[in-house]
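Reading through the structure tokens given below for one structure.
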Amino acid sequence: MLSLLSLLQTPREWPGSELADRLGVSPRTVRRDVDRLRELGYPVEASMGAAGGYRLAAGKAMPPLLLDDEEAVAIAVALSTAVGKPVSGIEQASLRALAKLEQVLPSRLRHRVGAFRAATESLFTESATPVDPHELAVAAAAVAGHERLRFAYQSGDGSRTRRLVEPHRLVLAGRRWYLLAYDTERDDWRIFRVDRMTRLQPTGVRVPPRELPEKDAAAFVTRRMYSLAPTYEVRATLRLPAAQAAERLGAAPGELRSIDENSCELHGRADTLEWLASRLLMLGCEFQVHEPPELLAHLRVVGDRALRAAVPRP
């Protein structure tokens with residue numbers, strides 16, 4: 001009966017035959033358990049017809065929430081990860097909610113959640129500019145309601161502008177929140193860091209949602225951010241067999257081309273010279289960089305620094 005209730009809490013209608021299959025019981029048992037749930041105060045509604053089925057009535061007083069094992073662990077994990085999210089003030093609220101949930105978790109589930117927290121705690125120590133939860137909520141409401149939003153925005157160079165946009169999605173990427181929106185004054189899609197947005201004011205004007213150039217908003221944001229970031233294309237000869245180079249670099253297919261049994265050519269790209277230089281230096285082999293010239297200059301600086309560090313000092 002608890003498993004049945006867990007399924008019914010999903011906001012959809014469940015045909016009796018599908019419930020019976022999911023639970024491994026007969027349709028008669030499903031009907032009997034639905035009657036028992038109604039006696040306990042759960043407002044289970046039934047509709048007739050081919051598209052009919054059972055569902056919990058929305059907007060009515062409900063008895064205590066019941067979660068199955070997977071749902072309880074999922075919520076606990078989400079609360080654990082929220083402790084490190086860049087939303088100002090959410091850490092303590094998440095910890096309080098997690099403490100309450102762990103008190104009622106069975107020991108087997110508490111152990112699973114504890115193991116996850118112990119294994120992932122270090123993943124959330126990076127600093128990030130926190131976001132005001134109220135402003136995040138205002139932006140989310142504008143997205144959900146397809147409502148135009150006006151706000152003040154500080155660009156990376158420190159300049160401030162007033163923007164009017166049609167919000168599309170909020171995206172969490174790289175421990176920062178971004179608002180993907182259509183800028184009505186610039187007549188184009190724009191990405192805004194939420195921590196740089198202030199004085200958010202919904203206008204009350206609701207507009208039909210615009211069609212994004214691609215379906216996946218998160219992928220669109222990631223691709224747009226990378227297209228705006230500086231990138232360097234590297235071409236270098238490595239004195240290392242292509243198979244060994246691929247293993248050490250974790251190179252993608254197409255990045256390496258074999259020259260002979262002892263050397264290969266690398267074609268790749270990265271957004272920082274430091275990453276390119278460290279990637280090559282950690283190969284443990286001789287190499288020659290052909291381009292870009294910025295990488296050659298950076299390697300000379302690093303090489304000089306390494307030579308100075310190797311000279312004994314009194």
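The chains in the structure tokens are called A, B, ... from first to last as shown; in each chain the residues are counted from 1, and the ligands are counted from 1 in the order shown.
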Legend entry - Residue neighbourhood Tyr178 (chain A), 7 Å, only C-alpha atoms, exclusion window fewer than 3 positions, as a VMD selection string: chain A and resid 170 to 172 191 to 194
Legend entry - Distance query Leu200 (chain A) at most 9 Å, only C-alpha atoms, self and fewer than 2 positions along chain excluded, as a ChimeraX atom specification: /A:135,138-139,149-152,197-198,202
Legend entry - Test item: residues at most 6 Å from region 237-247 of chain A, only C-alpha atoms, excluding those fewer than 5 positions along its chain, as a ChimeraX atom specification: /A:258,261-265,286-288
Inset, instruction - To one decimal in Å, tell me the separation between CA of Gly24 (chain A) and CA of Met1 (chain A). - result: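 Spanning CA of Gly24 (chain A) to CA of Met1 (chain A) is a straight-line distance of 11.9 Å.
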Inset, instruction - Check region 241-276 of chain A with DSSP on the backbone and list each residue it calls helix (DSSP H, G or I), as a ChimeraX atom specification. - result: /A:242-249,273-276
Serialized selection, C-alpha atoms, as a compact mmCIF listing (two decimals), in the first residue's frame:
# COMPACT_ATOMS: atom_id res chain seq x y z
CA ALA A 242 50.62 8.00 -30.53
CA ALA A 243 49.08 5.27 -28.36
CA GLN A 244 51.13 6.29 -25.31
CA ALA A 245 50.42 9.98 -25.92
CA ALA A 246 46.69 9.32 -26.10
CA GLU A 247 46.83 7.38 -22.84
CA ARG A 248 48.74 10.09 -20.99
CA LEU A 249 46.79 13.01 -22.43
CA LEU A 273 48.11 28.82 -21.93
CA GLU A 274 48.86 27.47 -18.45
CA TRP A 275 46.77 24.37 -19.10
CA LEU A 276 48.40 23.77 -22.48
Inset, instruction - For CA of Ala277 (chain A) and CA of Met225 (chain A), determine how far apart the two atoms are, in Å to one decimal place. - result: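 CA of Met225 (chain A) lies 22.7 Å from CA of Ala277 (chain A).
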Inset, instruction - For Arg38 (chain A), please output as a list in words all residues within 12 Å (counting only C-alpha atoms; exclusion window: fewer than 6 positions along the same chain). - result: Met1, Leu5, Arg31, Arg32, Val44, Glu45, Ala46, Tyr54, Arg55, Leu56, Ala57, Met62 and Pro63 of chain A
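Comparing the minimum interatomic distances between Ser155 (chain A) and each of A:Ala141, A:His290, A:Asp195, A:Leu37, counting only C-alpha atoms, we find that A:Asp195 sits nearest.
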